[in-house]
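The data block below is structure.pdb; it holds PDB, C-alpha atoms and all ligand atoms.
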```pdb
MODEL        1
ATOM      1  CA  MET A   9       0.000   0.000   0.000
ATOM      2  CA  ASN A  10       1.350   3.447  -0.846
ATOM      3  CA  LEU A  11       0.597   6.800   0.761
ATOM      4  CA  GLN A  12      -2.109   7.683  -1.745
ATOM      5  CA  GLU A  13      -3.942   4.397  -1.186
ATOM      6  CA  LEU A  14      -3.664   4.880   2.562
ATOM      7  CA  THR A  15      -4.996   8.434   2.303
ATOM      8  CA  THR A  16      -7.906   7.241   0.178
ATOM      9  CA  LEU A  17      -9.033   5.008   3.045
ATOM     10  CA  TYR A  18      -9.662   8.161   5.061
ATOM     11  CA  ASP A  19     -11.580   9.884   2.304
ATOM     12  CA  PHE A  20     -15.129  10.134   3.674
ATOM     13  CA  ARG A  21     -16.659  11.797   0.630
ATOM     14  CA  ASP A  22     -20.298  10.765   0.056
ATOM     15  CA  ARG A  23     -20.413   9.035   3.412
ATOM     16  CA  VAL A  24     -23.101  10.000   5.912
ATOM     17  CA  ILE A  25     -22.168   9.784   9.581
ATOM     18  CA  VAL A  26     -24.697  10.398  12.367
ATOM     19  CA  ILE A  27     -23.362  11.453  15.772
ATOM     20  CA  THR A  28     -25.719  11.290  18.741
ATOM     21  CA  GLY A  29     -24.691  13.852  21.346
ATOM     22  CA  GLY A  30     -22.886  15.509  18.454
ATOM     23  CA  ALA A  31     -23.222  18.928  20.065
ATOM     24  CA  GLY A  32     -21.142  17.796  23.031
ATOM     25  CA  VAL A  33     -17.441  18.339  23.607
ATOM     26  CA  LEU A  34     -16.191  15.000  22.267
ATOM     27  CA  GLY A  35     -18.935  14.431  19.663
ATOM     28  CA  GLY A  36     -18.452  17.985  18.331
ATOM     29  CA  GLU A  37     -14.754  17.382  17.786
ATOM     30  CA  MET A  38     -15.492  14.164  15.904
ATOM     31  CA  ALA A  39     -18.025  16.039  13.751
ATOM     32  CA  CYS A  40     -15.444  18.703  12.791
ATOM     33  CA  ALA A  41     -12.867  16.077  11.824
ATOM     34  CA  LEU A  42     -15.330  14.101   9.745
ATOM     35  CA  VAL A  43     -16.543  17.154   7.836
ATOM     36  CA  GLY A  44     -12.872  17.961   7.230
ATOM     37  CA  CYS A  45     -12.457  14.501   5.699
ATOM     38  CA  GLY A  46     -15.386  15.133   3.348
ATOM     39  CA  ALA A  47     -18.221  13.396   5.218
ATOM     40  CA  ASN A  48     -21.783  14.569   5.518
ATOM     41  CA  VAL A  49     -22.303  14.727   9.262
ATOM     42  CA  VAL A  50     -25.603  14.695  11.122
ATOM     43  CA  ILE A  51     -25.436  16.168  14.598
ATOM     44  CA  LEU A  52     -28.270  14.472  16.404
ATOM     45  CA  ASP A  53     -28.866  16.140  19.745
ATOM     46  CA  ARG A  54     -31.744  17.164  21.942
ATOM     47  CA  ASP A  55     -30.819  20.861  22.126
ATOM     48  CA  VAL A  56     -30.978  21.987  18.522
ATOM     49  CA  ALA A  57     -30.218  25.647  19.315
ATOM     50  CA  LEU A  58     -27.009  24.665  21.108
ATOM     51  CA  ALA A  59     -26.025  22.327  18.313
ATOM     52  CA  GLN A  60     -26.635  25.031  15.669
ATOM     53  CA  ARG A  61     -24.023  27.190  17.401
ATOM     54  CA  LEU A  62     -21.463  24.498  16.611
ATOM     55  CA  ILE A  63     -22.009  24.693  12.889
ATOM     56  CA  HIS A  64     -19.766  27.753  12.469
ATOM     57  CA  ARG A  65     -16.817  25.608  13.630
ATOM     58  CA  PHE A  66     -17.126  23.357  10.602
ATOM     59  CA  GLU A  67     -15.309  24.203   7.453
ATOM     60  CA  PRO A  68     -17.500  22.783   4.721
ATOM     61  CA  THR A  69     -15.445  20.940   2.132
ATOM     62  CA  ALA A  70     -16.361  20.492  -1.512
ATOM     63  CA  SER A  71     -18.459  17.514  -0.513
ATOM     64  CA  GLY A  72     -18.831  17.463   3.259
ATOM     65  CA  ARG A  73     -21.232  19.433   5.405
ATOM     66  CA  ALA A  74     -22.999  19.183   8.734
ATOM     67  CA  ILE A  75     -26.656  19.455   9.594
ATOM     68  CA  VAL A  76     -28.411  19.448  12.951
ATOM     69  CA  VAL A  77     -31.345  17.121  13.534
ATOM     70  CA  TYR A  78     -33.372  16.944  16.725
ATOM     71  CA  GLY A  79     -33.340  13.589  18.460
ATOM     72  CA  ASP A  80     -33.494  12.357  22.022
ATOM     73  CA  VAL A  81     -31.720   9.009  22.360
ATOM     74  CA  LEU A  82     -34.204   8.028  25.062
ATOM     75  CA  LYS A  83     -37.309   8.742  22.980
ATOM     76  CA  ARG A  84     -37.842   6.200  20.248
ATOM     77  CA  GLU A  85     -40.300   8.297  18.232
ATOM     78  CA  THR A  86     -37.846  11.202  17.978
ATOM     79  CA  LEU A  87     -35.184   8.807  16.662
ATOM     80  CA  GLU A  88     -37.611   7.477  14.070
ATOM     81  CA  GLN A  89     -38.424  11.025  12.994
ATOM     82  CA  ALA A  90     -34.700  11.826  12.845
ATOM     83  CA  ARG A  91     -34.101   8.722  10.708
ATOM     84  CA  ASP A  92     -36.738   9.921   8.247
ATOM     85  CA  VAL A  93     -35.239  13.437   8.085
ATOM     86  CA  ILE A  94     -31.739  12.037   7.514
ATOM     87  CA  THR A  95     -32.752   9.583   4.792
ATOM     88  CA  HIS A  96     -34.764  12.324   3.085
ATOM     89  CA  GLU A  97     -31.727  14.626   3.181
ATOM     90  CA  PHE A  98     -28.946  12.168   2.360
ATOM     91  CA  GLY A  99     -30.599   8.926   1.241
ATOM     92  CA  GLN A 100     -28.561   6.611   3.451
ATOM     93  CA  ILE A 101     -26.578   6.254   6.659
ATOM     94  CA  ASP A 102     -23.051   4.847   6.509
ATOM     95  CA  GLY A 103     -21.954   5.357  10.074
ATOM     96  CA  LEU A 104     -23.390   5.943  13.537
ATOM     97  CA  ILE A 105     -21.401   7.248  16.487
ATOM     98  CA  ASN A 106     -23.257   6.787  19.770
ATOM     99  CA  ALA A 107     -21.660   9.644  21.703
ATOM    100  CA  ALA A 108     -24.624  10.797  23.816
ATOM    101  CA  GLY A 109     -23.971   9.788  27.393
ATOM    102  CA  GLY A 110     -22.788  11.025  30.730
ATOM    103  CA  ASN A 111     -23.030  10.938  34.481
ATOM    104  CA  ARG A 112     -25.008  12.935  37.054
ATOM    105  CA  PRO A 113     -23.751  14.297  40.378
ATOM    106  CA  ASP A 114     -26.710  12.807  42.268
ATOM    107  CA  ALA A 115     -25.815   9.317  40.968
ATOM    108  CA  THR A 116     -22.334   9.738  42.451
ATOM    109  CA  THR A 117     -21.377   8.893  46.028
ATOM    110  CA  ALA A 118     -20.040  11.763  48.157
ATOM    111  CA  PRO A 119     -19.379  12.422  51.872
ATOM    112  CA  ASP A 120     -23.010  13.512  52.232
ATOM    113  CA  ARG A 121     -24.486  10.952  49.763
ATOM    114  CA  SER A 122     -23.843   7.292  50.518
ATOM    115  CA  PHE A 123     -24.307   4.489  48.026
ATOM    116  CA  PHE A 124     -27.354   3.385  50.045
ATOM    117  CA  ASP A 125     -29.018   6.758  49.516
ATOM    118  CA  LEU A 126     -28.382   7.263  45.791
ATOM    119  CA  PRO A 127     -31.821   8.107  44.406
ATOM    120  CA  GLU A 128     -33.400   5.522  42.144
ATOM    121  CA  ASP A 129     -34.335   8.063  39.500
ATOM    122  CA  ALA A 130     -30.721   9.281  39.237
ATOM    123  CA  LEU A 131     -29.414   5.712  38.905
ATOM    124  CA  ARG A 132     -32.009   4.880  36.265
ATOM    125  CA  PHE A 133     -31.267   8.095  34.383
ATOM    126  CA  VAL A 134     -27.569   7.218  34.084
ATOM    127  CA  PHE A 135     -28.287   3.612  33.082
ATOM    128  CA  ASP A 136     -30.790   4.701  30.501
ATOM    129  CA  LEU A 137     -28.777   7.528  28.987
ATOM    130  CA  ASN A 138     -25.625   5.474  28.505
ATOM    131  CA  LEU A 139     -26.961   1.999  27.781
ATOM    132  CA  MET A 140     -30.456   2.428  26.344
ATOM    133  CA  GLY A 141     -29.201   5.617  24.692
ATOM    134  CA  THR A 142     -26.735   3.440  22.780
ATOM    135  CA  ILE A 143     -29.029   0.499  22.112
ATOM    136  CA  MET A 144     -32.023   2.460  20.760
ATOM    137  CA  PRO A 145     -30.182   4.478  18.066
ATOM    138  CA  SER A 146     -28.414   1.227  17.104
ATOM    139  CA  GLN A 147     -31.827  -0.392  16.610
ATOM    140  CA  ILE A 148     -33.405   2.418  14.666
ATOM    141  CA  LEU A 149     -30.461   3.525  12.509
ATOM    142  CA  GLY A 150     -28.746   0.113  12.512
ATOM    143  CA  ARG A 151     -31.791  -1.376  10.789
ATOM    144  CA  LEU A 152     -30.961   0.730   7.716
ATOM    145  CA  MET A 153     -27.444  -0.736   7.739
ATOM    146  CA  ALA A 154     -28.868  -4.257   8.027
ATOM    147  CA  GLN A 155     -31.113  -3.571   5.049
ATOM    148  CA  ARG A 156     -28.164  -2.344   2.942
ATOM    149  CA  GLY A 157     -25.746  -4.967   4.278
ATOM    150  CA  GLU A 158     -23.195  -2.286   5.071
ATOM    151  CA  GLY A 159     -22.328   0.181   7.788
ATOM    152  CA  VAL A 160     -20.303   0.938  10.851
ATOM    153  CA  ILE A 161     -21.343   1.687  14.416
ATOM    154  CA  LEU A 162     -18.972   3.246  16.920
ATOM    155  CA  ASN A 163     -19.970   3.310  20.582
ATOM    156  CA  VAL A 164     -18.407   5.402  23.310
ATOM    157  CA  SER A 165     -17.515   3.373  26.363
ATOM    158  CA  SER A 166     -15.174   4.456  29.136
ATOM    159  CA  MET A 167     -12.235   3.495  31.345
ATOM    160  CA  ASN A 168     -14.612   2.384  34.049
ATOM    161  CA  ALA A 169     -15.917  -0.390  31.800
ATOM    162  CA  PHE A 170     -12.618  -2.276  32.250
ATOM    163  CA  ARG A 171     -12.363  -1.738  36.002
ATOM    164  CA  PRO A 172     -14.957   0.353  37.840
ATOM    165  CA  LEU A 173     -13.899   3.742  39.129
ATOM    166  CA  THR A 174     -14.813   4.735  42.667
ATOM    167  CA  ARG A 175     -17.948   6.804  43.372
ATOM    168  CA  ILE A 176     -19.714   6.441  40.011
ATOM    169  CA  ALA A 177     -21.572   3.159  40.456
ATOM    170  CA  ALA A 178     -24.270   3.523  37.820
ATOM    171  CA  TYR A 179     -22.012   5.114  35.190
ATOM    172  CA  SER A 180     -19.408   2.339  35.602
ATOM    173  CA  ALA A 181     -21.985  -0.427  35.276
ATOM    174  CA  ALA A 182     -23.700   1.291  32.350
ATOM    175  CA  LYS A 183     -20.459   1.725  30.389
ATOM    176  CA  ALA A 184     -19.513  -1.914  31.098
ATOM    177  CA  GLY A 185     -22.878  -2.643  29.488
ATOM    178  CA  VAL A 186     -21.941  -0.496  26.478
ATOM    179  CA  SER A 187     -18.704  -2.485  25.979
ATOM    180  CA  ASN A 188     -20.539  -5.793  26.320
ATOM    181  CA  PHE A 189     -23.279  -4.647  23.923
ATOM    182  CA  THR A 190     -20.605  -3.576  21.421
ATOM    183  CA  GLN A 191     -19.266  -7.133  21.264
ATOM    184  CA  TRP A 192     -22.747  -8.619  21.135
ATOM    185  CA  LEU A 193     -23.935  -6.381  18.302
ATOM    186  CA  ALA A 194     -20.700  -6.900  16.322
ATOM    187  CA  VAL A 195     -21.321 -10.642  16.276
ATOM    188  CA  HIS A 196     -25.056 -10.318  15.666
ATOM    189  CA  MET A 197     -24.750  -7.909  12.735
ATOM    190  CA  ALA A 198     -22.018  -9.953  11.033
ATOM    191  CA  GLN A 199     -23.764 -13.299  11.498
ATOM    192  CA  GLU A 200     -27.369 -12.296  10.894
ATOM    193  CA  TYR A 201     -27.061  -9.491   8.339
ATOM    194  CA  SER A 202     -23.677  -8.835   6.765
ATOM    195  CA  PRO A 203     -19.995  -9.227   7.574
ATOM    196  CA  ARG A 204     -19.652  -5.730   6.133
ATOM    197  CA  ILE A 205     -21.383  -4.234   9.168
ATOM    198  CA  ARG A 206     -18.893  -3.560  11.924
ATOM    199  CA  VAL A 207     -19.447  -2.456  15.517
ATOM    200  CA  ASN A 208     -16.667  -1.161  17.746
ATOM    201  CA  ALA A 209     -16.163   1.193  20.656
ATOM    202  CA  ILE A 210     -13.641   3.650  21.968
ATOM    203  CA  ALA A 211     -13.000   3.936  25.686
ATOM    204  CA  PRO A 212     -11.768   7.471  26.349
ATOM    205  CA  GLY A 213      -9.692   7.988  29.459
ATOM    206  CA  PHE A 214     -10.063  11.307  31.252
ATOM    207  CA  PHE A 215     -11.061  14.336  29.245
ATOM    208  CA  LEU A 216     -12.023  17.433  31.180
ATOM    209  CA  THR A 217     -15.599  18.186  30.120
ATOM    210  CA  GLU A 218     -18.755  19.493  31.760
ATOM    211  CA  GLN A 219     -19.844  16.055  32.919
ATOM    212  CA  ASN A 220     -16.746  15.332  35.029
ATOM    213  CA  ARG A 221     -15.381  18.788  35.834
ATOM    214  CA  PHE A 222     -17.125  18.668  39.246
ATOM    215  CA  LEU A 223     -15.163  15.512  40.080
ATOM    216  CA  LEU A 224     -11.755  16.488  38.739
ATOM    217  CA  THR A 225     -11.378  20.182  39.533
ATOM    218  CA  ASP A 226     -12.335  22.489  42.382
ATOM    219  CA  GLN A 227     -15.328  24.651  41.384
ATOM    220  CA  GLN A 228     -13.896  27.807  42.985
ATOM    221  CA  THR A 229     -10.181  27.607  42.243
ATOM    222  CA  GLY A 230     -10.072  25.303  39.220
ATOM    223  CA  ALA A 231      -7.240  23.373  40.927
ATOM    224  CA  LEU A 232      -7.179  19.591  40.664
ATOM    225  CA  THR A 233      -9.185  17.707  43.267
ATOM    226  CA  PRO A 234      -7.439  14.788  45.021
ATOM    227  CA  ARG A 235      -9.276  12.529  42.528
ATOM    228  CA  GLY A 236      -7.984  14.599  39.598
ATOM    229  CA  GLU A 237      -4.452  14.365  40.990
ATOM    230  CA  THR A 238      -4.720  10.600  41.451
ATOM    231  CA  ILE A 239      -5.809  10.238  37.828
ATOM    232  CA  ILE A 240      -2.844  12.246  36.546
ATOM    233  CA  THR A 241      -0.505  10.215  38.774
ATOM    234  CA  HIS A 242      -1.922   7.004  37.284
ATOM    235  CA  THR A 243      -1.699   8.219  33.709
ATOM    236  CA  PRO A 244       1.772   7.456  32.339
ATOM    237  CA  MET A 245       1.407  10.360  29.881
ATOM    238  CA  GLN A 246       0.782  12.666  32.888
ATOM    239  CA  ARG A 247      -2.122  14.672  31.501
ATOM    240  CA  PHE A 248      -5.839  14.635  30.729
ATOM    241  CA  GLY A 249      -6.813  13.887  27.150
ATOM    242  CA  THR A 250      -7.826  16.576  24.686
ATOM    243  CA  PRO A 251     -10.747  15.915  22.318
ATOM    244  CA  GLU A 252      -8.333  15.792  19.349
ATOM    245  CA  ASP A 253      -6.636  12.790  20.969
ATOM    246  CA  LEU A 254      -9.670  10.704  20.002
ATOM    247  CA  LEU A 255      -9.630  11.489  16.319
ATOM    248  CA  GLY A 256      -7.060   9.004  15.002
ATOM    249  CA  ALA A 257      -8.914   6.030  16.487
ATOM    250  CA  VAL A 258     -12.351   7.401  15.548
ATOM    251  CA  LEU A 259     -11.435   7.956  11.886
ATOM    252  CA  TRP A 260      -9.675   4.595  11.737
ATOM    253  CA  LEU A 261     -12.655   2.689  13.165
ATOM    254  CA  LEU A 262     -15.119   4.458  10.864
ATOM    255  CA  SER A 263     -12.990   3.960   7.759
ATOM    256  CA  SER A 264     -12.232   0.891   5.697
ATOM    257  CA  ALA A 265      -8.696   1.020   7.117
ATOM    258  CA  SER A 266     -10.252  -1.090   9.910
ATOM    259  CA  ALA A 267     -12.260  -3.345   7.553
ATOM    260  CA  PHE A 268     -11.305  -6.493   9.508
ATOM    261  CA  VAL A 269     -11.852  -4.998  12.962
ATOM    262  CA  SER A 270     -15.135  -5.573  14.783
ATOM    263  CA  GLY A 271     -16.166  -6.034  18.399
ATOM    264  CA  VAL A 272     -13.197  -4.227  19.932
ATOM    265  CA  VAL A 273     -13.079  -1.527  22.608
ATOM    266  CA  ILE A 274     -10.046   0.711  22.114
ATOM    267  CA  PRO A 275      -8.700   2.569  25.162
ATOM    268  CA  ILE A 276      -7.588   6.137  24.435
ATOM    269  CA  ASP A 277      -6.244   6.949  27.844
ATOM    270  CA  GLY A 278      -2.589   7.964  27.874
ATOM    271  CA  GLY A 279      -1.739   4.503  29.231
ATOM    272  CA  PHE A 280      -4.069   4.687  32.278
ATOM    273  CA  SER A 281      -5.566   1.215  31.804
ATOM    274  CA  ALA A 282      -2.146  -0.392  31.322
ATOM    275  CA  TYR A 283      -0.655   1.008  34.519
ATOM    276  CA  SER A 284      -0.910  -1.040  37.715
ATOM    277  CA  GLY A 285       0.187   1.897  39.857
ATOM    278  CA  VAL A 286       3.577   0.329  40.618
TER     279      VAL A 286
HETATM  280  N1  LIG B 301     -15.367  13.417  29.133
HETATM  281  C1  LIG B 301     -14.755  12.284  29.438
HETATM  282  O1  LIG B 301     -13.711  12.240  30.109
HETATM  283  C2  LIG B 301     -15.315  10.987  28.953
HETATM  284  C3  LIG B 301     -14.604   9.824  29.230
HETATM  285  C4  LIG B 301     -15.109   8.613  28.791
HETATM  286  C5  LIG B 301     -16.285   8.573  28.089
HETATM  287  N2  LIG B 301     -16.973   9.719  27.847
HETATM  288  C6  LIG B 301     -18.214   9.597  27.084
HETATM  289  O2  LIG B 301     -18.074  10.356  25.900
HETATM  290  C7  LIG B 301     -19.380  10.737  25.449
HETATM  291  C8  LIG B 301     -19.388  12.246  25.178
HETATM  292  O3  LIG B 301     -19.080  12.898  26.382
HETATM  293  P1  LIG B 301     -18.674  14.437  26.500
HETATM  294  O4  LIG B 301     -17.626  14.521  27.531
HETATM  295  O5  LIG B 301     -18.444  15.012  25.155
HETATM  296  O6  LIG B 301     -20.000  15.017  27.157
HETATM  297  P2  LIG B 301     -20.944  16.222  26.730
HETATM  298  O7  LIG B 301     -20.148  17.396  26.301
HETATM  299  O8  LIG B 301     -21.899  16.365  27.872
HETATM  300  O9  LIG B 301     -21.700  15.641  25.466
HETATM  301  C9  LIG B 301     -22.793  14.802  25.541
HETATM  302  C10 LIG B 301     -23.837  15.289  24.561
HETATM  303  O10 LIG B 301     -24.937  14.372  24.580
HETATM  304  C11 LIG B 301     -26.126  15.139  24.653
HETATM  305  N3  LIG B 301     -27.221  14.397  25.236
HETATM  306  C12 LIG B 301     -27.449  14.152  26.544
HETATM  307  N4  LIG B 301     -28.578  13.469  26.693
HETATM  308  C13 LIG B 301     -29.072  13.263  25.442
HETATM  309  C14 LIG B 301     -30.223  12.637  24.955
HETATM  310  N5  LIG B 301     -31.123  12.051  25.779
HETATM  311  N6  LIG B 301     -30.436  12.603  23.627
HETATM  312  C15 LIG B 301     -29.554  13.185  22.779
HETATM  313  N7  LIG B 301     -28.443  13.833  23.191
HETATM  314  C16 LIG B 301     -28.208  13.859  24.515
HETATM  315  C17 LIG B 301     -25.744  16.321  25.503
HETATM  316  O11 LIG B 301     -26.693  17.342  25.389
HETATM  317  P3  LIG B 301     -27.064  18.255  26.702
HETATM  318  O12 LIG B 301     -25.928  19.225  26.805
HETATM  319  O13 LIG B 301     -28.359  18.850  26.314
HETATM  320  O14 LIG B 301     -27.135  17.330  27.879
HETATM  321  C18 LIG B 301     -24.386  16.674  24.928
HETATM  322  O15 LIG B 301     -24.519  17.479  23.774
HETATM  323  C19 LIG B 301     -20.341  10.297  26.535
HETATM  324  O16 LIG B 301     -20.887   9.036  26.202
HETATM  325  C20 LIG B 301     -19.453  10.137  27.748
HETATM  326  O17 LIG B 301     -20.000   9.248  28.678
HETATM  327  C21 LIG B 301     -16.511  10.927  28.261
ENDMDL
END
```

Please express what this file holds, its structure, as structure tokens.
Ligand SMILES: NC(=O)c1ccc[n+]([C@@H]2O[C@H](COP(=O)([O-])OP(=O)(O)OC[C@H]3O[C@@H](n4cnc5c(N)ncnc54)[C@H](OP(=O)(O)O)[C@@H]3O)[C@@H](O)[C@H]2O)c1
Amino acid sequence: MNLQELTTLYDFRDRVIVITGGAGVLGGEMACALVGCGANVVILDRDVALAQRLIHRFEPTASGRAIVVYGDVLKRETLEQARDVITHEFGQIDGLINAAGGNRPDATTAPDRSFFDLPEDALRFVFDLNLMGTIMPSQILGRLMAQRGEGVILNVSSMNAFRPLTRIAAYSAAKAGVSNFTQWLAVHMAQEYSPRIRVNAIAPGFFLTEQNRFLLTDQQTGALTPRGETIITHTPMQRFGTPEDLLGAVLWLLSSASAFVSGVVIPIDGGFSAYSGV
């Protein structure tokens, strides 16, 4: 393979990629990179006004552009409506990134909130958002891939799927579910529909975003919390990730450069998951 052939693998022209939670920090970065590689990107998020503000970040290429479509990953009918809007606009879906997800402070143990007192609705919210919020878009948009016999799904798992992190019981269990579901769906799609449908996941390490800032930095001073410091100490690369750190793996897993890769969960963590602490 020469450089031109390698580059062609990352040419996303005429490919349509849907990103749930695409208005978020990590999903937004993936959207920018994909538009830059020529893809048509659908930002599927529940706050359309917020998502629209992202659009100015994208540099439309000769072929690639981004549109915003309303969809709530926990409301099936909104996903079905989104599917209809997307197929009307672009005709097909080549890729789905399930990036909507997150944790909630009230589903997190704290000195004044024991595990025994975590409210049921907060626990259910976190389970639903991360696990059902991955499964439902995979059902509704994955069906189109099954019908065409082609497509790629990329889920977003987390470090805590390999070994649970302290304090975030529901988020850890939910992301372990996302990793398990990734393997299950990879096998199911290949065996029941087409070996040209692939399903993988990335497991980002620690990226400072709105959903974990309260755990990693002090609200007043912005200094690292003891938890934030422990994470840096256990990260051989000695830093938090930046959203751009995800892009190489994301583009690889969405492209035909990874044509023989399915059912894997790739850590992008500065070495965190490899380090025993000693
Ligand atoms: N940040 C990290 O260190 C880290 C590490 C590992 C994994 N992850 C995972 O990476 C993914 C992206 O995280 P992020 O840090 O970029 O968080 P983020 O900035 O909060 O992005 C998440 C996006 O999903 C949207 N969303 C939430 N609920 C939704 C729903 N029901 N339907 C549709 N969209 C919904 C959010 O919209 P609203 O703003 O309206 O809520 C937001 O735009 C998540 O799955 C997260 O669990 C993050």

Separating CA of Leu259 (chain A) from CA of Tyr18 (chain A), to the nearest tenth of an Å, is a gap of 7.1 Å

For the structure provided, state which residues fall under the PyMOL selection byres (((chain A and resi 150) around 10) and not hetatm), and present them as a VMD selection string. chain A and resid 101 to 104 143 to 149 151 to 156 158 to 161 193 197 205

Please give me, as a PyMOL selection string, the residues lying within 8 Å of ligand LIG 301 (chain B) when counting only C-alpha atoms and all ligand atoms. chain A and resi 28-36+52-55+58-59+79-83+106-111+137-138+141+164-167+179+183+211-220+249

Hey, can you check how far CA of Thr117 (chain A) sits from CA of Phe170 (chain A)?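 Distance reported for this atom pair: 19.8 Å.
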
Residues returned when the PyMOL selection byres (((chain A and resi 60) around 10) and not hetatm) runs on this file, as a list in words: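 Applied to this file, the PyMOL selection byres (((chain A and resi 60) around 10) and not hetatm) selects Ala31, Ile51, Asp55, Val56, Ala57, Leu58, Ala59, Arg61, Leu62, Ile63, His64, Ala74, Ile75, Val76 and Val77 of chain A.
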
Find the residues around Ala267 (chain A) up to 9 Å (all atoms listed in the file counted), leave out those fewer than 5 positions away in its own chain, and share them as a PyMOL selection string. chain A and resi 204+206+261-262

Length of the CA of Ile27 (chain A) to CA of Val49 (chain A) vector [Å]: 7.4 Å

Could you list, as a tab-separated table (two decimals) with C-alpha atoms, in the coordinates of the input, every residue within 8 Å of Gln246 (chain A), counting all atoms listed in the file and ignoring same-chain residues fewer than 5 positions away?
```tsv
chain	number	residue	atom	x	y	z
A	240	ILE	CA	-2.84	12.25	36.55
A	241	THR	CA	-0.50	10.22	38.77
A	278	GLY	CA	-2.59	7.96	27.87
```
